[in-house]
file input-v9.cif (mmCIF, C-alpha atoms and all ligand atoms)
data_my_file
#
loop_
_atom_site.label_atom_id
_atom_site.label_comp_id
_atom_site.auth_asym_id
_atom_site.auth_seq_id
_atom_site.Cartn_x
_atom_site.Cartn_y
_atom_site.Cartn_z
CA MET T 1 -4.29 -8.52 3.07
CA THR T 2 -4.73 -8.84 -0.67
CA LYS T 3 -2.39 -6.52 -2.51
CA ALA T 4 -2.79 -5.05 -5.97
CA ILE T 5 0.07 -4.31 -8.36
CA LEU T 6 -0.29 -2.03 -11.35
CA VAL T 7 1.75 -3.05 -14.41
CA ILE T 8 2.46 -0.40 -17.05
CA ASN T 9 3.86 -0.72 -20.56
CA ALA T 10 4.09 2.82 -21.91
CA GLY T 11 4.64 3.64 -25.57
CA SER T 12 4.79 6.88 -27.54
CA SER T 13 1.06 7.51 -27.73
CA SER T 14 -0.42 4.62 -25.78
CA LEU T 15 -0.11 3.12 -22.35
CA LYS T 16 -1.12 -0.46 -21.70
CA PHE T 17 -1.86 -1.42 -18.13
CA SER T 18 -2.86 -4.45 -16.07
CA VAL T 19 -3.91 -4.73 -12.47
CA PHE T 20 -2.77 -7.88 -10.67
CA ARG T 21 -4.15 -9.18 -7.37
CA ASP T 22 -1.54 -10.67 -5.09
CA SER T 23 -2.58 -12.76 -2.11
CA GLY T 24 1.05 -13.69 -1.41
CA ALA T 25 0.44 -17.36 -2.28
CA GLY T 26 1.52 -18.26 -5.80
CA ASP T 27 1.88 -15.78 -8.63
CA PRO T 28 -0.03 -12.50 -8.76
CA VAL T 29 -3.20 -12.95 -10.83
CA ALA T 30 -4.29 -10.50 -13.53
CA ALA T 31 -7.70 -8.96 -12.82
CA ILE T 32 -8.00 -6.00 -15.20
CA ASN T 33 -6.32 -5.12 -18.52
CA GLY T 34 -6.66 -1.93 -20.43
CA GLN T 35 -5.06 0.90 -22.26
CA ILE T 36 -5.06 4.60 -22.81
CA SER T 37 -4.47 5.35 -26.48
CA GLY T 38 -4.23 8.65 -28.34
CA ILE T 39 -2.00 10.25 -25.69
CA GLY T 40 -1.00 13.70 -26.87
CA THR T 41 -3.95 14.03 -29.25
CA ALA T 42 -7.36 12.70 -28.20
CA PRO T 43 -6.90 10.15 -25.41
CA VAL T 44 -9.25 7.19 -25.12
CA PHE T 45 -9.40 4.96 -22.04
CA GLU T 46 -10.60 1.34 -22.23
CA ALA T 47 -10.53 -1.43 -19.65
CA LYS T 48 -11.61 -5.06 -19.60
CA ASP T 49 -11.88 -7.64 -16.88
CA ILE T 50 -10.02 -10.92 -17.11
CA ASP T 51 -12.83 -12.50 -19.15
CA ARG T 52 -12.37 -9.67 -21.69
CA LYS T 53 -15.68 -8.13 -20.63
CA PRO T 54 -15.49 -4.37 -21.22
CA LEU T 55 -15.54 -2.48 -17.91
CA GLU T 56 -15.45 1.11 -18.98
CA GLY T 57 -14.49 3.53 -21.68
CA LYS T 58 -13.83 7.23 -21.68
CA ALA T 59 -12.77 9.65 -24.39
CA TRP T 60 -11.29 13.03 -23.59
CA GLN T 61 -12.40 16.05 -25.56
CA PRO T 62 -9.70 18.16 -27.21
CA GLY T 63 -8.62 20.82 -24.75
CA GLU T 64 -9.51 18.81 -21.63
CA ALA T 65 -6.66 18.37 -19.15
CA SER T 66 -5.18 15.21 -20.58
CA ASP T 67 -1.42 15.27 -20.25
CA ARG T 68 0.30 12.12 -18.98
CA THR T 69 0.11 13.20 -15.33
CA ALA T 70 -3.62 13.94 -15.56
CA LEU T 71 -4.24 10.65 -17.39
CA LEU T 72 -2.30 8.63 -14.81
CA ALA T 73 -4.13 10.42 -11.98
CA TYR T 74 -7.41 9.43 -13.66
CA LEU T 75 -6.19 5.84 -14.11
CA LEU T 76 -5.16 5.52 -10.45
CA ASP T 77 -8.49 6.92 -9.22
CA TRP T 78 -10.32 4.54 -11.54
CA ILE T 79 -8.29 1.55 -10.33
CA GLU T 80 -8.60 2.49 -6.65
CA ALA T 81 -12.38 2.51 -6.95
CA ARG T 82 -12.22 -1.08 -8.23
CA LEU T 83 -9.76 -2.72 -5.88
CA ASP T 84 -12.43 -4.73 -4.13
CA GLY T 85 -10.78 -4.64 -0.72
CA ALA T 86 -7.22 -4.95 -2.06
CA THR T 87 -4.54 -2.30 -1.48
CA LEU T 88 -2.53 -0.88 -4.35
CA VAL T 89 1.07 -1.33 -3.22
CA ALA T 90 3.20 -0.51 -6.26
CA ALA T 91 3.50 0.05 -9.97
CA GLY T 92 5.88 -2.02 -12.12
CA HIS T 93 6.99 -0.62 -15.48
CA ARG T 94 8.34 -2.27 -18.56
CA VAL T 95 11.46 -0.27 -19.37
CA VAL T 96 13.25 -1.17 -22.55
CA HIS T 97 16.83 -0.40 -21.53
CA GLY T 98 18.69 -1.02 -18.29
CA GLY T 99 22.11 -0.58 -19.86
CA ILE T 100 25.06 -2.72 -18.86
CA ARG T 101 24.52 -2.21 -15.13
CA HIS T 102 21.05 -3.50 -14.49
CA ALA T 103 20.85 -7.28 -14.46
CA ALA T 104 17.68 -7.14 -12.35
CA PRO T 105 14.66 -4.90 -11.79
CA VAL T 106 15.25 -1.82 -9.70
CA ARG T 107 13.15 0.32 -7.39
CA ILE T 108 12.81 3.80 -8.85
CA THR T 109 14.48 6.70 -7.05
CA PRO T 110 15.29 10.12 -8.51
CA ALA T 111 18.91 8.96 -8.96
CA VAL T 112 17.85 5.79 -10.78
CA LEU T 113 15.55 7.79 -13.01
CA ASP T 114 18.39 10.16 -13.94
CA GLU T 115 20.62 7.20 -14.71
CA LEU T 116 17.95 5.63 -16.94
CA GLU T 117 17.53 8.97 -18.67
CA GLY T 118 21.18 8.67 -19.66
CA LEU T 119 20.29 5.53 -21.65
CA VAL T 120 17.81 7.37 -23.91
CA PRO T 121 20.34 7.60 -26.79
CA LEU T 122 20.53 3.78 -26.78
CA ALA T 123 16.74 3.38 -27.20
CA PRO T 124 15.38 6.73 -28.38
CA LEU T 125 12.09 5.31 -29.68
CA HIS T 126 11.04 3.60 -26.44
CA GLN T 127 13.01 4.70 -23.37
CA PRO T 128 11.71 8.32 -23.26
CA HIS T 129 8.08 7.11 -23.19
CA ASN T 130 8.78 4.48 -20.53
CA LEU T 131 10.41 7.13 -18.35
CA ALA T 132 7.75 9.77 -19.05
CA ALA T 133 5.13 7.42 -17.58
CA ILE T 134 7.26 6.86 -14.47
CA ARG T 135 7.72 10.61 -13.98
CA ALA T 136 4.03 11.33 -14.56
CA LEU T 137 2.96 8.67 -12.08
CA ALA T 138 5.47 9.94 -9.51
CA GLU T 139 3.96 13.40 -9.90
CA ALA T 140 0.37 12.17 -9.62
CA HIS T 141 1.09 9.70 -6.77
CA PRO T 142 4.47 10.40 -5.14
CA GLU T 143 3.77 7.91 -2.35
CA LEU T 144 3.36 4.89 -4.68
CA PRO T 145 6.55 2.79 -5.00
CA GLN T 146 7.59 2.19 -8.60
CA VAL T 147 9.80 -0.53 -10.04
CA ALA T 148 11.54 -0.60 -13.44
CA CYS T 149 11.73 -4.02 -15.14
CA PHE T 150 14.11 -4.06 -18.07
CA ASP T 151 13.92 -5.85 -21.41
CA THR T 152 17.71 -6.08 -21.38
CA ALA T 153 18.28 -7.37 -17.82
CA PHE T 154 17.79 -11.08 -18.46
CA HIS T 155 20.58 -11.08 -21.05
CA ARG T 156 23.22 -9.52 -18.80
CA GLY T 157 24.67 -12.87 -17.81
CA GLN T 158 25.52 -13.80 -21.41
CA PRO T 159 29.10 -14.82 -22.22
CA TRP T 160 31.11 -11.76 -23.29
CA GLN T 161 31.38 -12.89 -26.91
CA ALA T 162 27.61 -12.65 -27.30
CA GLY T 163 27.67 -9.02 -26.20
CA MET T 164 30.55 -7.71 -28.22
CA PHE T 165 30.85 -6.18 -31.69
CA ALA T 166 34.20 -6.38 -33.45
CA ILE T 167 34.75 -2.62 -33.33
CA PRO T 168 37.37 -0.47 -31.59
CA ARG T 169 37.31 -0.98 -27.85
CA ASP T 170 36.59 2.61 -26.90
CA LEU T 171 33.21 2.32 -28.63
CA THR T 172 32.47 -0.93 -26.80
CA ASP T 173 33.45 0.73 -23.51
CA GLU T 174 31.08 3.59 -24.32
CA GLY T 175 28.19 1.10 -24.55
CA VAL T 176 28.10 0.21 -28.25
CA ARG T 177 27.50 -3.48 -27.62
CA ARG T 178 24.86 -6.15 -27.94
CA TYR T 179 22.27 -5.96 -25.15
CA GLY T 180 19.40 -8.18 -26.30
CA PHE T 181 15.72 -7.45 -25.69
CA HIS T 182 12.40 -9.23 -24.95
CA GLY T 183 14.13 -10.35 -21.74
CA LEU T 184 10.94 -10.37 -19.66
CA SER T 185 9.37 -12.76 -22.14
CA TYR T 186 12.40 -15.09 -22.16
CA GLU T 187 12.58 -14.99 -18.40
CA TYR T 188 8.94 -16.01 -18.20
CA ILE T 189 9.54 -18.90 -20.63
CA ALA T 190 12.64 -19.97 -18.69
CA ARG T 191 10.48 -20.13 -15.56
CA ARG T 192 7.50 -21.81 -17.23
CA LEU T 193 9.28 -24.45 -19.34
CA PRO T 194 10.48 -26.62 -16.41
CA GLU T 195 6.89 -26.66 -15.09
CA ILE T 196 5.72 -28.04 -18.42
CA ALA T 197 8.76 -30.26 -19.12
CA PRO T 198 10.83 -30.81 -15.94
CA GLU T 199 13.41 -32.80 -17.89
CA LEU T 200 14.32 -29.61 -19.80
CA ALA T 201 15.31 -27.61 -16.70
CA ASP T 202 19.03 -27.81 -17.56
CA ALA T 203 18.57 -28.11 -21.32
CA ARG T 204 19.74 -26.01 -24.26
CA VAL T 205 16.60 -24.40 -25.62
CA VAL T 206 16.09 -22.00 -28.51
CA VAL T 207 13.11 -19.71 -27.88
CA ALA T 208 11.48 -17.82 -30.75
CA HIS T 209 9.49 -14.79 -29.56
CA LEU T 210 7.56 -13.99 -32.73
CA GLY T 211 5.34 -10.94 -32.27
CA SER T 212 5.23 -7.71 -34.22
CA GLY T 213 8.67 -7.32 -32.67
CA ALA T 214 10.47 -10.64 -33.08
CA SER T 215 13.64 -12.08 -31.63
CA MET T 216 15.15 -15.36 -30.52
CA CYS T 217 17.13 -16.42 -27.48
CA ALA T 218 19.50 -19.26 -26.63
CA LEU T 219 18.59 -20.49 -23.13
CA HIS T 220 20.89 -22.89 -21.31
CA ALA T 221 19.62 -24.10 -17.94
CA GLY T 222 17.25 -21.14 -17.91
CA ARG T 223 19.96 -18.54 -18.56
CA SER T 224 20.37 -16.40 -21.66
CA MET T 225 23.49 -17.32 -23.63
CA ASP T 226 22.86 -15.35 -26.81
CA SER T 227 20.07 -13.48 -28.58
CA THR T 228 19.30 -12.20 -32.04
CA MET T 229 18.59 -8.60 -31.02
CA GLY T 230 21.70 -6.58 -30.33
CA PHE T 231 22.45 -2.92 -29.73
CA THR T 232 18.87 -2.07 -30.60
CA ALA T 233 15.62 -3.94 -31.14
CA LEU T 234 16.32 -3.69 -34.88
CA ASP T 235 18.79 -6.56 -35.19
CA GLY T 236 18.14 -10.24 -35.88
CA LEU T 237 14.89 -11.45 -37.41
CA PRO T 238 12.85 -9.44 -39.89
CA MET T 239 9.76 -8.15 -38.01
CA GLY T 240 6.43 -6.53 -38.84
CA THR T 241 8.02 -3.30 -40.03
CA ARG T 242 11.67 -3.66 -38.90
CA CYS T 243 14.40 -5.01 -41.17
CA GLY T 244 16.28 -7.24 -38.74
CA ALA T 245 19.94 -7.99 -39.41
CA ILE T 246 21.32 -5.98 -42.30
CA ASP T 247 24.78 -5.45 -43.73
CA PRO T 248 25.96 -2.13 -42.25
CA GLY T 249 27.28 -1.36 -45.72
CA VAL T 250 23.65 -0.80 -46.75
CA LEU T 251 23.48 2.14 -44.33
CA ILE T 252 26.61 3.68 -45.83
CA TYR T 253 25.10 3.23 -49.29
CA LEU T 254 21.85 4.89 -48.21
CA MET T 255 23.75 7.86 -46.81
CA ARG T 256 26.19 8.26 -49.64
CA GLU T 257 24.10 7.40 -52.68
CA LYS T 258 20.60 8.32 -51.51
CA GLY T 259 21.53 11.27 -49.33
CA MET T 260 19.53 9.87 -46.42
CA ASP T 261 20.17 11.19 -42.92
CA ALA T 262 19.81 9.32 -39.61
CA GLY T 263 16.12 10.18 -39.27
CA ALA T 264 15.25 8.96 -42.76
CA ILE T 265 17.23 5.73 -42.30
CA GLU T 266 15.59 5.16 -38.93
CA LYS T 267 12.15 5.51 -40.49
CA LEU T 268 13.04 3.17 -43.34
CA LEU T 269 14.50 0.44 -41.16
CA TYR T 270 12.05 0.65 -38.24
CA ASN T 271 8.77 1.46 -39.95
CA LYS T 272 8.88 0.56 -43.62
CA SER T 273 10.89 -2.65 -43.75
CA GLY T 274 10.36 -6.20 -42.49
CA LEU T 275 7.22 -8.08 -43.51
CA LEU T 276 5.64 -4.83 -44.68
CA GLY T 277 8.60 -3.80 -46.82
CA VAL T 278 9.04 -7.19 -48.46
CA SER T 279 5.35 -7.85 -49.08
CA GLY T 280 4.15 -4.34 -49.84
CA VAL T 281 0.89 -5.73 -48.45
CA SER T 282 0.89 -5.68 -44.65
CA ASN T 283 2.94 -5.99 -41.49
CA ASP T 284 0.35 -8.39 -40.09
CA MET T 285 1.16 -12.07 -40.43
CA ARG T 286 -2.52 -13.02 -40.68
CA ALA T 287 -3.00 -10.75 -43.69
CA LEU T 288 0.12 -12.15 -45.36
CA LEU T 289 -0.98 -15.75 -44.87
CA GLU T 290 -4.35 -14.94 -46.42
CA SER T 291 -2.90 -12.99 -49.34
CA ALA T 292 -2.40 -14.50 -52.79
CA ASP T 293 0.20 -11.84 -53.64
CA PRO T 294 3.53 -13.57 -54.38
CA HIS T 295 5.38 -10.86 -52.47
CA ALA T 296 3.29 -11.62 -49.38
CA GLN T 297 4.25 -15.27 -49.72
CA GLU T 298 7.89 -14.26 -50.13
CA ALA T 299 7.74 -12.24 -46.92
CA VAL T 300 6.45 -15.27 -44.99
CA GLU T 301 9.07 -17.49 -46.61
CA LEU T 302 11.86 -15.06 -45.73
CA PHE T 303 10.61 -14.87 -42.13
CA GLY T 304 10.73 -18.69 -41.86
CA PHE T 305 14.15 -18.87 -43.53
CA ARG T 306 15.65 -16.40 -41.08
CA ILE T 307 14.11 -18.07 -38.02
CA ALA T 308 15.57 -21.42 -39.11
CA LYS T 309 18.94 -19.84 -39.83
CA GLU T 310 19.07 -18.13 -36.42
CA THR T 311 18.07 -21.41 -34.76
CA GLY T 312 21.26 -22.91 -36.12
CA ALA T 313 23.33 -19.94 -34.98
CA LEU T 314 21.86 -19.93 -31.47
CA ALA T 315 22.26 -23.69 -31.15
CA SER T 316 25.92 -23.22 -32.01
CA SER T 317 26.23 -20.56 -29.27
CA MET T 318 25.11 -23.20 -26.74
CA GLY T 319 26.97 -26.14 -28.26
CA GLY T 320 23.72 -27.86 -29.23
CA ILE T 321 19.96 -27.75 -28.98
CA ASP T 322 17.63 -29.94 -26.88
CA ALA T 323 14.30 -28.19 -27.50
CA LEU T 324 12.61 -25.43 -29.49
CA VAL T 325 9.92 -23.12 -28.10
CA PHE T 326 7.58 -20.77 -29.96
CA THR T 327 5.93 -17.83 -28.20
CA ALA T 328 4.23 -14.41 -28.71
CA GLY T 329 1.46 -13.54 -31.22
CA ILE T 330 2.74 -15.38 -34.30
CA GLY T 331 4.61 -18.07 -32.34
CA GLU T 332 1.56 -18.91 -30.24
CA ARG T 333 -1.09 -18.74 -32.94
CA SER T 334 0.33 -19.27 -36.40
CA ALA T 335 0.47 -22.98 -37.27
CA PRO T 336 1.63 -22.26 -40.87
CA VAL T 337 4.66 -20.27 -39.69
CA ARG T 338 5.62 -22.97 -37.17
CA ALA T 339 5.20 -25.63 -39.85
CA LEU T 340 7.41 -23.65 -42.23
CA VAL T 341 10.17 -23.32 -39.63
CA ALA T 342 9.92 -27.01 -38.73
CA GLU T 343 10.23 -27.94 -42.38
CA LYS T 344 13.42 -25.90 -42.68
CA LEU T 345 14.77 -27.57 -39.55
CA ALA T 346 14.12 -31.09 -40.78
CA TRP T 347 17.93 -31.49 -41.15
CA LEU T 348 18.06 -31.16 -37.36
CA GLY T 349 15.54 -33.95 -36.97
CA VAL T 350 12.67 -31.57 -36.13
CA SER T 351 9.30 -33.00 -37.01
CA ILE T 352 5.92 -31.71 -35.92
CA ASP T 353 2.53 -33.31 -35.51
CA ALA T 354 0.19 -31.54 -37.94
CA ALA T 355 -2.92 -31.93 -35.77
CA ALA T 356 -1.17 -30.75 -32.59
CA ASN T 357 0.29 -27.82 -34.51
CA THR T 358 -3.07 -26.78 -35.95
CA ALA T 359 -4.57 -26.98 -32.45
CA ASN T 360 -1.80 -24.72 -31.03
CA ALA T 361 -1.12 -27.54 -28.55
CA ALA T 362 1.51 -27.10 -25.84
CA LYS T 363 3.72 -29.77 -27.42
CA ILE T 364 3.62 -29.89 -31.22
CA SER T 365 6.53 -32.20 -32.06
CA SER T 366 5.76 -35.67 -33.36
CA GLY T 367 6.86 -38.78 -31.48
CA ASP T 368 9.85 -39.29 -33.77
CA SER T 369 11.14 -35.70 -33.63
CA ARG T 370 14.78 -35.58 -32.51
CA ILE T 371 13.98 -32.62 -30.26
CA PRO T 372 10.67 -31.61 -28.67
CA VAL T 373 8.93 -28.47 -29.92
CA TYR T 374 6.69 -26.48 -27.57
CA VAL T 375 4.24 -23.60 -27.87
CA ILE T 376 4.22 -21.62 -24.63
CA PRO T 377 2.16 -18.44 -24.30
CA THR T 378 4.34 -15.69 -22.87
CA ASP T 379 3.26 -13.37 -20.05
CA GLU T 380 5.54 -10.37 -19.71
CA GLU T 381 2.99 -8.57 -17.51
CA ARG T 382 2.96 -11.38 -14.96
CA MET T 383 6.77 -11.31 -14.92
CA ILE T 384 6.66 -7.57 -14.19
CA ALA T 385 4.10 -8.09 -11.40
CA LEU T 386 6.31 -10.81 -9.88
CA HIS T 387 9.43 -8.66 -10.10
CA THR T 388 7.59 -5.73 -8.58
CA ARG T 389 6.42 -7.83 -5.63
CA ASN T 390 9.93 -9.16 -5.11
CA ALA T 391 11.55 -5.72 -5.39
CA LEU T 392 9.20 -4.39 -2.69
CA ALA T 393 10.02 -7.31 -0.41
CA ALA T 394 13.79 -6.86 -0.88
P1 LIG P 1 3.51 -7.31 -29.95
O1 LIG P 1 4.95 -7.46 -30.32
O2 LIG P 1 2.86 -6.08 -30.47
O3 LIG P 1 3.20 -7.62 -28.50
P2 LIG P 1 2.07 -9.76 -30.51
O4 LIG P 1 2.88 -10.70 -29.70
O5 LIG P 1 0.69 -9.47 -30.05
O6 LIG P 1 2.84 -8.43 -30.82
O7 LIG P 1 2.01 -10.35 -31.99
C1 LIG P 1 1.45 -9.61 -33.05
C2 LIG P 1 1.60 -10.43 -34.31
O8 LIG P 1 0.95 -11.67 -34.14
C3 LIG P 1 0.99 -9.79 -35.56
O9 LIG P 1 1.89 -9.90 -36.65
C4 LIG P 1 -0.21 -10.66 -35.85
O10 LIG P 1 -0.43 -10.77 -37.23
C5 LIG P 1 0.26 -11.99 -35.32
N1 LIG P 1 -0.87 -12.89 -35.04
C6 LIG P 1 -1.80 -12.82 -34.09
N2 LIG P 1 -2.70 -13.83 -34.22
C7 LIG P 1 -2.28 -14.56 -35.29
C8 LIG P 1 -2.77 -15.73 -35.96
N3 LIG P 1 -3.85 -16.35 -35.54
N4 LIG P 1 -2.08 -16.18 -37.03
C9 LIG P 1 -0.99 -15.54 -37.46
N5 LIG P 1 -0.48 -14.45 -36.88
C10 LIG P 1 -1.12 -13.97 -35.81
#
call {"tool": "encode", "arguments": {"input": "input-v9.cif", "output": "structure tokens"}}
result
Amino acid sequence: MTKAILVINAGSSSLKFSVFRDSGAGDPVAAINGQISGIGTAPVFEAKDIDRKPLEGKAWQPGEASDRTALLAYLLDWIEARLDGATLVAAGHRVVHGGIRHAAPVRITPAVLDELEGLVPLAPLHQPHNLAAIRALAEAHPELPQVACFDTAFHRGQPWQAGMFAIPRDLTDEGVRRYGFHGLSYEYIARRLPEIAPELADARVVVAHLGSGASMCALHAGRSMDSTMGFTALDGLPMGTRCGAIDPGVLIYLMREKGMDAGAIEKLLYNKSGLLGVSGVSNDMRALLESADPHAQEAVELFGFRIAKETGALASSMGGIDALVFTAGIGERSAPVRALVAEKLAWLGVSIDAAANTANAAKISSGDSRIPVYVIPTDEERMIALHTRNALAA
């Protein structure tokens, strides 16, 4: 029997989904991708097949029943009519926070859901929307098993030093610690890299996940040893609109001298900073690379500087570095950013092949580079589909 697995990545006003077909042999294979945007205002549904051919679109009129439960009921009906003989067996969700307890995906029960609700204060911008989708789907289809796959889980095996802030212990015990995110992406890379380069299976690898959210991870023998994101997905690298690592003294200054409260600081650091804040032009790397504005160029330069700097820090966390991997939107497609980082890592013996880099080849290092440099497309959805299959089988 061919099975189908629904993968959901739910945000504040949009819900991305994929349908995977799973024959049991090899990895589940993506068949349909789509999204519902405008949730809460004027929802729009779009879906494409695996060749990006549009399958269907629908827009809801204001006033039509279009809360999350109604939208998920619509989505499930739509999917079930297109299963082509397969049986929908489960839904796997990307859930940003699994707290300190969850080092692996978990099958959703009412008790698990309540526990995950307790983590909302740790990820107030994402966790509530992830959980709202789970609740809505449970209401629309109570019989469908659901699995939560956490962005934090992969980092749970890190050495304790990587997870700890130097603050009073009672705060650490309460959960104020470094969790790390983008774990599903790093887990996918850890699984994929030895297929591409078997000799790196036990190696010390720095992975740069450079999307609109950006972070880096130190992988040793496929396990996370350290990461640039910490308590929240705000730490580490500058991102599209997020500031990345910042002296906490800046926050005290903003409160004391500018009279800003938590909400205003949150908006500043999450939505108005990063590439957008520095450039004043855009949060989109493509726009910055095309811009002649010196501030746009500075934003790109700062991004490269910080990636190179974190590479050194993460290498130190592993006692060395044997390979560097780029992934996600910018990492997979931006040759100029990769070239900039490589240039700043020349001290480490990193050297890239300009033609391979421009072609977004799988291996972009030159023959005389001291360490190999790879470009590996990430696939968080496939990781969720795999986890969901495994959680059902457990
Ligand atoms: P998300 O974190 O939203 O999943 P993605 O991984 O899709 O993000 O990455 C989005 C980022 O990738 C954007 O900053 C976009 O500018 C950048 N990007 C996509 N294609 C290119 C490209 N060809 N060159 C440079 N940047 C690119």
call {"tool": "closest_residue", "arguments": {"input": "input-v9.cif", "among": "T:Met1, T:Ala203, T:Met239, T:Ala245", "to": "Asp84 of chain T", "atoms": "all atoms listed in the file"}}
result
T:Met1
call {"tool": "atom_distance", "arguments": {"input": "input-v9.cif", "atom1": "atom CA of Trp160 of chain T", "atom2": "atom CA of Asp202 of chain T"}}
result
20.9 Å
call {"tool": "closest_residue", "arguments": {"input": "input-v9.cif", "among": "T:Gly319, T:Gly175, T:Pro238, T:Gly331", "to": "Ala299 of chain T", "atoms": "all atoms listed in the file"}}
result
T:Pro238
call {"tool": "residues_around", "arguments": {"input": "input-v9.cif", "residues": "segment 96-102 of chain T", "least_positions_apart": "4", "cutoff": "7 Å", "atoms": "all atoms listed in the file", "output": "JSON list (two decimals) with C-alpha atoms, in the coordinates of the input"}}
result
[["chain", "number", "residue", "atom", "x", "y", "z"],
["T", 116, "LEU", "CA", 17.95, 5.63, -16.94],
["T", 119, "LEU", "CA", 20.29, 5.53, -21.65],
["T", 123, "ALA", "CA", 16.74, 3.38, -27.20],
["T", 126, "HIS", "CA", 11.04, 3.60, -26.44],
["T", 127, "GLN", "CA", 13.01, 4.70, -23.37],
["T", 150, "PHE", "CA", 14.11, -4.06, -18.07],
["T", 151, "ASP", "CA", 13.92, -5.85, -21.41],
["T", 152, "THR", "CA", 17.71, -6.08, -21.38],
["T", 153, "ALA", "CA", 18.28, -7.37, -17.82]]
call {"tool": "residues_near_point", "arguments": {"input": "input-v9.cif", "point": "(17.9, -20.8, -23.8)", "cutoff": "8 Å", "atoms": "only C-alpha atoms", "output": "number ranges by chain"}}
result
T: 190, 203-207, 217-226
call {"tool": "closest_residue", "arguments": {"input": "input-v9.cif", "among": "T:Ala90, T:Ile32, T:Ile39, T:Ala346", "to": "Pro54 of chain T", "atoms": "only C-alpha atoms"}}
result
T:Ile32
call {"tool": "residues_near_point", "arguments": {"input": "input-v9.cif", "point": "(17.8, -29.4, -36.3)", "cutoff": "8 Å", "atoms": "only C-alpha atoms", "output": "short mmCIF file (atom, residue, chain, number, x, y, z; two decimals) with C-alpha atoms, in the frame of the given file"}}
result
data_model
loop_
_atom_site.label_atom_id
_atom_site.label_comp_id
_atom_site.auth_asym_id
_atom_site.auth_seq_id
_atom_site.Cartn_x
_atom_site.Cartn_y
_atom_site.Cartn_z
CA GLY T 312 21.26 -22.91 -36.12
CA ILE T 321 19.96 -27.75 -28.98
CA LEU T 345 14.77 -27.57 -39.55
CA ALA T 346 14.12 -31.09 -40.78
CA TRP T 347 17.93 -31.49 -41.15
CA LEU T 348 18.06 -31.16 -37.36
CA GLY T 349 15.54 -33.95 -36.97
CA VAL T 350 12.67 -31.57 -36.13
CA ARG T 370 14.78 -35.58 -32.51
CA ILE T 371 13.98 -32.62 -30.26
#
